[in-house]
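Heads up: the structure comes next, in structure tokens.
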Amino acid sequence: MMTMTEDEHVSAPQPYGLVLAGNVAAARIRLRISQESLAERMRALGLGNWRKQTVSELEAGRRAIRADELLPLSIGLDTTVPVLTTLPVGMTATTLPNGEPVSAYRVITPDQTFAWDGNRLKVVPSTRPDPLIDALIAERRREGRALEAAALEAYRDRLHETLPEEPQKEDQQESGAEDVPVRRPGKRSR
């Protein structure tokens, strides 16, 4: 039987808002700047209402990041938006506000685990084995731990066998909604 060491611990899914908050805190700490310094950078980038308290509340998960703050945050933290929005290594899933788990893979790539029937959410388990398992297998092989790699491969194969087949895409019904062109300031329609 395979046992996991402490450094191989896989964390339980956290709400996505807390993942974002943790990513901001981690990026700030990696830069070795204070919360006040980040707030000052955000003000310099045009977000005049940012203070040390804003950063503190955000990093504690008590303040949400607005969509228009993600790019300035990435610039202020000398990183990228994907780094701030992707799950950290070792975290295999997060949760939506309704508690529904979302795989780390789905955070970066649509995988048909979520579908809509009108406005009703349909959740289908992914048939794709978790990329974390593949990474662990490769690591065990590099370390010469063939038995553990084989055990992980068997586990991955068992997971794949127990998951349902990928759903066939049904013909989508017309919703009656109409696409409307968006007019942007400074651009003329032809």
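A note on labels: chains of the structure tokens are A, B, ... as shown, every chain counts residues from 1, and ligands are counted from 1 in their shown order.
Using only C-alpha atoms, the residues found no farther than 7 Å from region 82-85 of chain A, other than those of its own chain fewer than 5 positions away, are A:Leu20, A:Asn23, A:Val24.
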Selection: 10 Å around Ala104 (chain A), only C-alpha atoms, excl. self and same-chain fewer than 4 positions, as a list in words: Pro13, Thr86, Leu87, Pro88, Val89, Gly90, Met91, Thr92, Ala93, Thr94, Ile108, Thr109, Asp130, Pro131 and Leu132 of chain A
DSSP strand (DSSP E) residues within region 64-151 of chain A, listed as an MDAnalysis selection string: chainID A and resid 93:95 101:103 114:117 120:123
Residue neighbourhood region 57-74 of chain A, 12 Å, only C-alpha atoms, exclusion window fewer than 5 positions, as JSON, numbers by chain: {"A": [14, 15, 16, 17, 18, 19, 20, 21, 22, 23, 24, 25, 26, 27, 28, 29, 31, 35, 38, 39, 40, 41, 42, 43, 44, 45, 46, 47, 48, 49, 50, 51, 52, 79, 80, 81, 82, 83, 84, 85]}
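Taking CA of Asn119 (chain A) as the reference point, CA of Pro101 (chain A) is found at 18.8 Å.
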Sel. of helix (DSSP H, G or I) residues, region 81-122 of chain A, as a PDB file with C-alpha atoms, in the first residue's frame:
```
ATOM      1  CA  VAL A  81      -2.939  37.574 -14.471  1.00  0.00           C
ATOM      2  CA  PRO A  82      -2.737  33.769 -15.004  1.00  0.00           C
ATOM      3  CA  VAL A  83      -0.342  33.450 -12.054  1.00  0.00           C
ATOM      4  CA  LEU A  84      -2.851  35.291  -9.856  1.00  0.00           C
ATOM      5  CA  THR A  85      -5.856  33.278 -11.069  1.00  0.00           C
ATOM      6  CA  ALA A 104      -7.414  22.695 -11.262  1.00  0.00           C
ATOM      7  CA  TYR A 105      -7.394  21.660 -14.901  1.00  0.00           C
ATOM      8  CA  ARG A 106     -10.820  23.273 -15.483  1.00  0.00           C
ATOM      9  CA  VAL A 107      -9.571  26.585 -14.081  1.00  0.00           C
ATOM     10  CA  ILE A 108      -7.269  26.917 -17.105  1.00  0.00           C
TER      11      ILE A 108
END
```
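Separating CA of Asp111 (chain A) from CA of Ile75 (chain A) is a distance of 29.4 Å.
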